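What follows is one structure encoded as structure tokens, with my remarks underneath.
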Protein chains: 2
Amino acid sequence: MNLLTEPTEEDIISAQQRIKNQIHRTPILTSKSLNEIFGCQMFLKCENFQKVGAFKFRGASNAVLCLADNELKNGVVTHSSGNHAAALSLAAKMKNIPAFIVMPRTAPEIKKTAVAGYGAKITFSEPTVKSREETAAKIIAETGATFVHPYDNYTIIAGQATCAKEVFEELNDLDFLISPVGGAGLVSGSCLSAKYFSHKTKVIGAEPKGADDAFRSLRDKTIYPSVNPNTICDGLLTQLCDKTYSILNKYLSEIITVDDSSTLKAMKLIWERMKIIVEPSSAITLGVVLDNPEKFSGKKIGLILSGGNVALNKLLW
Amino acid sequence: MNLLTEPTEEDIISAQQRIKNQIHRTPILTSKSLNEIFGCQMFLKCENFQKVGAFKFRGASNAVLCLADNELKNGVVTHSSGNHAAALSLAAKMKNIPAFIVMPRTAPEIKKTAVAGYGAKITFSEPTVKSREETAAKIIAETGATFVHPYDNYTIIAGQATCAKEVFEELNDLDFLISPVGGAGLVSGSCLSAKYFSHKTKVIGAEPKGADDAFRSLRDKTIYPSVNPNTICDGLLTQLCDKTYSILNKYLSEIITVDDSSTLKAMKLIWERMKIIVEPSSAITLGVVLDNPEKFSGKKIGLILSGGNVALNKLLW
């Protein structure tokens with residue numbers, strides 16, 4: 001059964017206990033060379049090493065493990081072109097229940113292959129929100145499967161919060177924690193974990209300039225839709241929902257928007273200097289530091305590298 | 001002063017103590033997905049995360065720290081187009097002495113930039129052994145700097161041995177340890193560490209089919225030169241010397257040669273599944289497992305990922 005209200009400290013601790021044998025506790029890496037370039041101390045939380053290659057497995061895992069038997073028995077369903085689809089598929093597989101995934105027929109081949117590899121049943125839809133939702137509704141009607149939204153779901157948010165909680169267990173004096181902002185499950189969870197476990201740490205959201213609906217939403221106190229987003233950060237195209245808006249509005253320090261050119265520069269630096277593969281939606285957190293040297297000079301900063309799923313047959317630079 | 005004989009157990013322990021504050025103790029990563037694909041348990045020692053992006057910094061560090069004041073005072077010199085050049089430059093910089101590096105003018109731009117970035121004085125030579133050696137000899141005559149060979153040097157070999165020693169400290173029951181073979185400093189050190197610290201572990205050398213001089217040398221009991229090597233493994237082009245030949249001849253279990261096509265397949269798998277960047281000379285160790293499934297089925301295998309310095313402006317696949 002899903003959490004019905006904003007996750008409490010206890011909810012996040014329980015989520016961590018619940019999922020700890022299913023997920024990787026990912027490492028926090030540092031790079032002397034990046035610290036020298038940027039003049040600050042950075043700690044990079046490597047969710048690119050998480051199962052399915054992204055933090056999304058934390059939330060999906062928590063959501064599936066919280067479902068009652070009658071909610072589980074017909075499987076789970078979601079619509080997603082990206083990492084949540086793979087994450088829910090794997091969480092369902094581990095629970096031995098079917099996963100029904102609606103993917104836009106235009107989704108990248110590697111994502112389709114990954115989801116199929118976890119044994120999910122894929123149904124293709126047109127690449128519109130309407131078609132995705134209608135297709136999912138049809139599957140729910142036919143199968144009785146339980147819908148698991150990628151972020152409009154407090155149980156998912158509690159799962160994503162475990163990522164920042166792990167950071168704070170190892171680092172109790174960060175000035176800032178920077179998290180990417182898409183639908184904002186991860187950054188919402190990060191805000192809650194900072195509030196409970198490291199209240200002096202300011203949480204900053206990193207959002208692409210070409211998909212800055214969350215920035216404008218918080219500024220204008222109204223949820224804007226994400227219309228024609230234009231960015232290389234393919235994991236950050238979605239918009240806030242009531243739940244994530246409300247958490248960010250209360251606890252987020254600020255959103256800083258980043259040009260794709262800075263994200264790309266940051267991404268190449270991470271690949272080159274740290275020898276790890278991150279996707280643009282992760283590198284944007286370093287893009288924030290790159291664009292704002294005075295703000296971060298001499299500070300201790302956590303950066304969440306949210307995932308590493310990027311096509312390796314074509315480089316972005 | 002350099003070690004004059006094959007490193008003893010005590011020499012390797014001393015090397016580890018000597019360099020431990022200069023080097024990274026690199027992590028050993030595992031991948032469930034790779035283990036499932038290959039049907040064995042693999043433990044990947046990530047020297048791609050080492051300073052300068054390669055294990056070479058261990059040996060260079062040990063060599064520089066072993067030099068007496070009179071050997072240090074005029075700096076150090078080497079000829080290398082690759083990771084040893086960067087490693088020696090950084091080790092010299094940390095000791096605050098000059099490094100004179102002879103690089104063939106055809107060396108990759110990223111390597112030139114890296115070496116220059118560590119503050120070394122670069123002299124370009126023609127891309128022949130003769131020109132490299134003559135240029136280095138001229139610098140030694142002019143400056144009085146001390147020559148540090150990349151592998152024909154027991155102090156270097158003792159430094160490289162610390163890599164396998166770290167593996168055995170964490171894993172005391174490996175069936176195999178696979179190390180790349182170039183001039184064979186790393187694999188020689190690995191053999192010695194296995195002999196002293198994990199004598200049941202068989203050490204296997206991984207060598208490119210297109211540069212299999214070490215394989216032939218051990219088979220025919222004579223050191224062959226490396227003539228026109230043809231492989232993507234740009235770190236494995238050099239040939240054995242008396243010191244490394246003698247160690248391998250005594251302690252190495254076998255050399256397995258690998259086609260570049262298998263190395264490339266292995267490299268892509270590591271990038272995709274593990275989200276880490278390794279160079280072809282590292283991926284060849286997984287190429288050995290890829291090509292010999294029966295031999296490794298169900299075994300516990302250490303793989304040394306020797307480095308991660310690969311041009312990121314052009315993919316190899």
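Starting from 1 in every chain, residues are counted up; chains themselves are A, B, ... following the order of the structure tokens, and ligands are numbered from 1 as listed.
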
Exercise answer, chain B residues close to chain A, 6 Å and only C-alpha atoms, as a PyMOL selection string: chain B and resi 275-277

Distance query range 298-301 of chain B at most 8 Å, only C-alpha atoms, self and fewer than 2 positions along chain excluded, as a ChimeraX atom specification: /B:39-43,173-178,296,303

Keeping only N, CA and C atoms, write those residues as a tab-separated table (two decimals), in the first residue's frame.
```
chain	number	residue	atom	x	y	z
B	39	GLY	N	29.07	-16.60	-16.49
B	39	GLY	CA	28.99	-17.81	-15.66
B	39	GLY	C	30.15	-18.00	-14.71
B	40	CYS	N	30.69	-16.90	-14.22
B	40	CYS	CA	31.78	-17.01	-13.24
B	40	CYS	C	31.70	-15.79	-12.32
B	41	GLN	N	32.56	-15.76	-11.30
B	41	GLN	CA	32.59	-14.62	-10.39
B	41	GLN	C	33.82	-13.79	-10.69
B	42	MET	N	33.60	-12.56	-11.14
B	42	MET	CA	34.75	-11.73	-11.52
B	42	MET	C	34.88	-10.54	-10.58
B	43	PHE	N	36.13	-10.16	-10.32
B	43	PHE	CA	36.45	-9.06	-9.42
B	43	PHE	C	37.41	-8.14	-10.17
B	173	ASP	N	40.96	-16.18	-2.14
B	173	ASP	CA	40.65	-17.49	-2.72
B	173	ASP	C	40.36	-17.41	-4.22
B	174	LEU	N	41.06	-16.52	-4.91
B	174	LEU	CA	40.87	-16.44	-6.36
B	174	LEU	C	41.51	-17.66	-7.05
B	175	ASP	N	40.79	-18.21	-8.03
B	175	ASP	CA	41.39	-19.26	-8.84
B	175	ASP	C	42.40	-18.68	-9.82
B	176	PHE	N	42.05	-17.51	-10.40
B	176	PHE	CA	42.91	-16.90	-11.40
B	176	PHE	C	43.02	-15.39	-11.17
B	177	LEU	N	44.16	-14.83	-11.56
B	177	LEU	CA	44.29	-13.38	-11.68
B	177	LEU	C	44.78	-13.12	-13.10
B	178	ILE	N	44.03	-12.31	-13.84
B	178	ILE	CA	44.40	-12.05	-15.24
B	178	ILE	C	44.94	-10.62	-15.36
B	296	PHE	N	36.87	-20.93	-17.60
B	296	PHE	CA	36.60	-20.05	-16.47
B	296	PHE	C	35.23	-20.28	-15.81
B	303	LEU	N	40.51	-9.60	-12.30
B	303	LEU	CA	40.94	-9.01	-13.57
B	303	LEU	C	41.53	-7.64	-13.26
```

Surrounding residues of Thr106 in chain A excluding itself and chain neighbours under 6 positions, 10 Å, only C-alpha atoms, as a ChimeraX atom specification: /A:81,112,124-127

Keeping only C-alpha atoms, take the residues you just selected and write them out as a tab-separated table (two decimals), in the first residue's frame.
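Result written to part.tsv:
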```
chain	number	residue	atom	x	y	z
A	81	SER	CA	10.47	5.66	-22.08
A	112	LYS	CA	13.59	-1.02	-25.34
A	124	PHE	CA	4.12	0.48	-27.73
A	125	SER	CA	2.11	3.69	-27.82
A	126	GLU	CA	2.28	6.87	-29.83
A	127	PRO	CA	4.78	9.34	-28.34
```

Spatial neighbours of Asn172 in chain B, max dist 7 Å, only C-alpha atoms, sep filter under 3 positions, as number ranges by chain: B: 168-169, 198

Selection from above, N, CA and C atoms, as a tab-separated table (two decimals), in the first residue's frame, can you write it?
```tsv
chain	number	residue	atom	x	y	z
B	168	PHE	N	44.77	-9.36	-3.33
B	168	PHE	CA	44.84	-10.55	-2.46
B	168	PHE	C	44.51	-10.21	-1.00
B	169	GLU	N	44.70	-8.97	-0.61
B	169	GLU	CA	44.30	-8.58	0.74
B	169	GLU	C	42.78	-8.66	0.91
B	198	SER	N	49.31	-15.24	-2.25
B	198	SER	CA	48.13	-16.04	-2.62
B	198	SER	C	48.59	-17.15	-3.56
```

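Taking CA of Asp242 in chain A and CA of Asn153 in chain A as the two end points, the separation is 10.0 Å.
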
Contacts of Lys20 in chain B at 10 Å (only C-alpha atoms; same-chain gap of 6+ positions) as JSON, numbers by chain: {"B": [14, 58, 61, 62, 162]}

Option closest in space to Thr26 in chain A, from A:Ile256, A:Ala164, A:Val289, A:Met267 [counting only C-alpha atoms]: A:Ala164

Contacts of Ala99 in chain A within 12 Å, only C-alpha atoms, excl. fewer than 6 positions in-chain, as a VMD selection string: chain A and resid 60 64 72 to 79 84 to 93 115 to 123 136 139 to 140 143 to 148

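Rounded to one decimal, CA of Pro293 in chain A and CA of Pro229 in chain A lie 26.8 Å from each other.
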
Could you write out, as an mmCIF file with C-alpha atoms, in the first residue's frame, all the residues of range 30-243 of chain B that DSSP marks as helix (DSSP H, G or I)?
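states.cif, freshly written:
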```
data_model
loop_
_atom_site.group_PDB
_atom_site.id
_atom_site.type_symbol
_atom_site.label_atom_id
_atom_site.label_comp_id
_atom_site.auth_asym_id
_atom_site.auth_seq_id
_atom_site.Cartn_x
_atom_site.Cartn_y
_atom_site.Cartn_z
ATOM 1 C CA LYS B 32 26.133 -9.217 -11.393
ATOM 2 C CA SER B 33 25.217 -8.762 -14.999
ATOM 3 C CA LEU B 34 28.708 -9.608 -16.291
ATOM 4 C CA ASN B 35 28.917 -12.570 -13.901
ATOM 5 C CA GLU B 36 25.622 -13.869 -15.305
ATOM 6 C CA ILE B 37 26.783 -13.453 -18.885
ATOM 7 C CA PHE B 38 30.074 -15.241 -18.271
ATOM 8 C CA GLU B 47 43.473 0.922 -11.853
ATOM 9 C CA ASN B 48 41.657 3.124 -14.352
ATOM 10 C CA PHE B 49 40.807 5.101 -11.177
ATOM 11 C CA LYS B 51 46.260 8.648 -10.318
ATOM 12 C CA VAL B 52 47.127 9.525 -13.948
ATOM 13 C CA GLY B 53 44.474 6.963 -14.895
ATOM 14 C CA LYS B 56 51.908 2.954 -13.903
ATOM 15 C CA PHE B 57 51.816 5.505 -11.105
ATOM 16 C CA ARG B 58 52.528 2.760 -8.560
ATOM 17 C CA GLY B 59 55.865 1.839 -10.091
ATOM 18 C CA ALA B 60 56.883 5.398 -10.922
ATOM 19 C CA SER B 61 56.054 6.495 -7.408
ATOM 20 C CA ASN B 62 58.080 3.691 -5.873
ATOM 21 C CA ALA B 63 61.024 4.364 -8.199
ATOM 22 C CA VAL B 64 61.179 8.092 -7.430
ATOM 23 C CA LEU B 65 60.773 7.556 -3.694
ATOM 24 C CA CYS B 66 63.646 5.029 -3.747
ATOM 25 C CA ASP B 69 69.272 12.639 -2.973
ATOM 26 C CA ASN B 70 72.182 12.630 -5.397
ATOM 27 C CA GLU B 71 70.110 10.642 -7.925
ATOM 28 C CA LEU B 72 67.159 12.964 -7.512
ATOM 29 C CA ASN B 83 51.013 6.215 -19.232
ATOM 30 C CA HIS B 84 54.511 5.781 -17.767
ATOM 31 C CA ALA B 85 55.401 9.260 -19.017
ATOM 32 C CA ALA B 86 52.469 10.788 -17.169
ATOM 33 C CA ALA B 87 53.138 8.653 -14.098
ATOM 34 C CA LEU B 88 56.800 9.615 -13.835
ATOM 35 C CA SER B 89 55.933 13.274 -14.427
ATOM 36 C CA LEU B 90 53.472 13.296 -11.546
ATOM 37 C CA ALA B 91 55.790 11.352 -9.230
ATOM 38 C CA ALA B 92 58.550 13.885 -9.981
ATOM 39 C CA LYS B 93 56.213 16.808 -9.449
ATOM 40 C CA MET B 94 55.219 15.435 -6.035
ATOM 41 C CA LYS B 95 58.910 15.216 -5.110
ATOM 42 C CA GLU B 109 47.598 14.673 -28.343
ATOM 43 C CA ILE B 110 45.851 13.731 -25.097
ATOM 44 C CA LYS B 111 49.009 12.034 -23.840
ATOM 45 C CA LYS B 112 51.126 15.084 -24.719
ATOM 46 C CA THR B 113 48.652 17.349 -22.959
ATOM 47 C CA ALA B 114 48.542 15.123 -19.878
ATOM 48 C CA VAL B 115 52.328 14.996 -19.542
ATOM 49 C CA ALA B 116 52.652 18.740 -20.069
ATOM 50 C CA GLY B 117 49.898 19.241 -17.495
ATOM 51 C CA VAL B 129 63.348 3.157 -30.518
ATOM 52 C CA LYS B 130 66.713 4.453 -31.757
ATOM 53 C CA SER B 131 65.630 8.082 -31.837
ATOM 54 C CA ARG B 132 63.915 7.785 -28.462
ATOM 55 C CA GLU B 133 66.976 6.268 -26.829
ATOM 56 C CA GLU B 134 69.399 8.730 -28.406
ATOM 57 C CA THR B 135 67.290 11.682 -27.393
ATOM 58 C CA ALA B 136 67.070 10.404 -23.828
ATOM 59 C CA ALA B 137 70.848 9.769 -23.729
ATOM 60 C CA LYS B 138 71.455 13.348 -24.879
ATOM 61 C CA ILE B 139 69.233 14.709 -22.103
ATOM 62 C CA ILE B 140 70.968 12.562 -19.494
ATOM 63 C CA ALA B 141 74.352 13.837 -20.701
ATOM 64 C CA GLU B 142 73.152 17.449 -20.605
ATOM 65 C CA THR B 143 71.229 17.430 -17.348
ATOM 66 C CA TYR B 154 62.999 -4.149 -10.245
ATOM 67 C CA THR B 155 61.912 -1.135 -8.211
ATOM 68 C CA ILE B 156 59.221 -0.404 -10.788
ATOM 69 C CA ILE B 157 58.174 -4.063 -10.765
ATOM 70 C CA ALA B 158 57.895 -4.031 -6.950
ATOM 71 C CA GLY B 159 55.646 -0.964 -7.254
ATOM 72 C CA GLN B 160 53.387 -2.598 -9.837
ATOM 73 C CA ALA B 161 53.210 -5.697 -7.584
ATOM 74 C CA THR B 162 51.319 -3.677 -4.980
ATOM 75 C CA CYS B 163 48.267 -3.741 -7.234
ATOM 76 C CA ALA B 164 47.847 -7.526 -7.044
ATOM 77 C CA LYS B 165 48.810 -7.415 -3.369
ATOM 78 C CA GLU B 166 45.805 -5.173 -2.708
ATOM 79 C CA VAL B 167 43.609 -7.635 -4.602
ATOM 80 C CA PHE B 168 44.839 -10.549 -2.464
ATOM 81 C CA GLU B 169 44.300 -8.585 0.743
ATOM 82 C CA GLU B 170 40.600 -8.447 -0.091
ATOM 83 C CA GLY B 185 56.008 -4.927 -15.409
ATOM 84 C CA LEU B 186 52.441 -5.344 -14.164
ATOM 85 C CA VAL B 187 52.091 -9.053 -14.847
ATOM 86 C CA SER B 188 55.552 -9.742 -13.391
ATOM 87 C CA GLY B 189 54.602 -7.900 -10.232
ATOM 88 C CA SER B 190 51.316 -9.803 -10.163
ATOM 89 C CA CYS B 191 53.188 -13.114 -10.369
ATOM 90 C CA LEU B 192 55.414 -12.155 -7.454
ATOM 91 C CA SER B 193 52.485 -11.031 -5.314
ATOM 92 C CA ALA B 194 50.631 -14.268 -6.059
ATOM 93 C CA LYS B 195 53.728 -16.269 -5.093
ATOM 94 C CA TYR B 196 54.052 -14.458 -1.764
ATOM 95 C CA PHE B 197 50.480 -13.622 -0.821
ATOM 96 C CA LYS B 209 47.188 -11.656 -30.939
ATOM 97 C CA GLY B 210 48.650 -8.844 -33.040
ATOM 98 C CA ALA B 211 51.467 -8.250 -30.531
ATOM 99 C CA ASP B 213 55.888 -11.490 -28.747
ATOM 100 C CA ALA B 214 55.705 -12.409 -25.030
ATOM 101 C CA PHE B 215 53.608 -15.493 -25.782
ATOM 102 C CA ARG B 216 56.168 -16.648 -28.352
ATOM 103 C CA SER B 217 59.100 -15.673 -26.151
ATOM 104 C CA LEU B 218 57.937 -17.866 -23.273
ATOM 105 C CA ARG B 219 57.043 -20.716 -25.606
ATOM 106 C CA ASP B 220 60.431 -20.685 -27.341
ATOM 107 C CA ASP B 242 65.503 -10.039 -19.121
ATOM 108 C CA LYS B 243 63.990 -9.148 -15.754
#
```

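Between CA of Ser282 in chain B and CA of Gly82 in chain B the separation is 14.0 Å.
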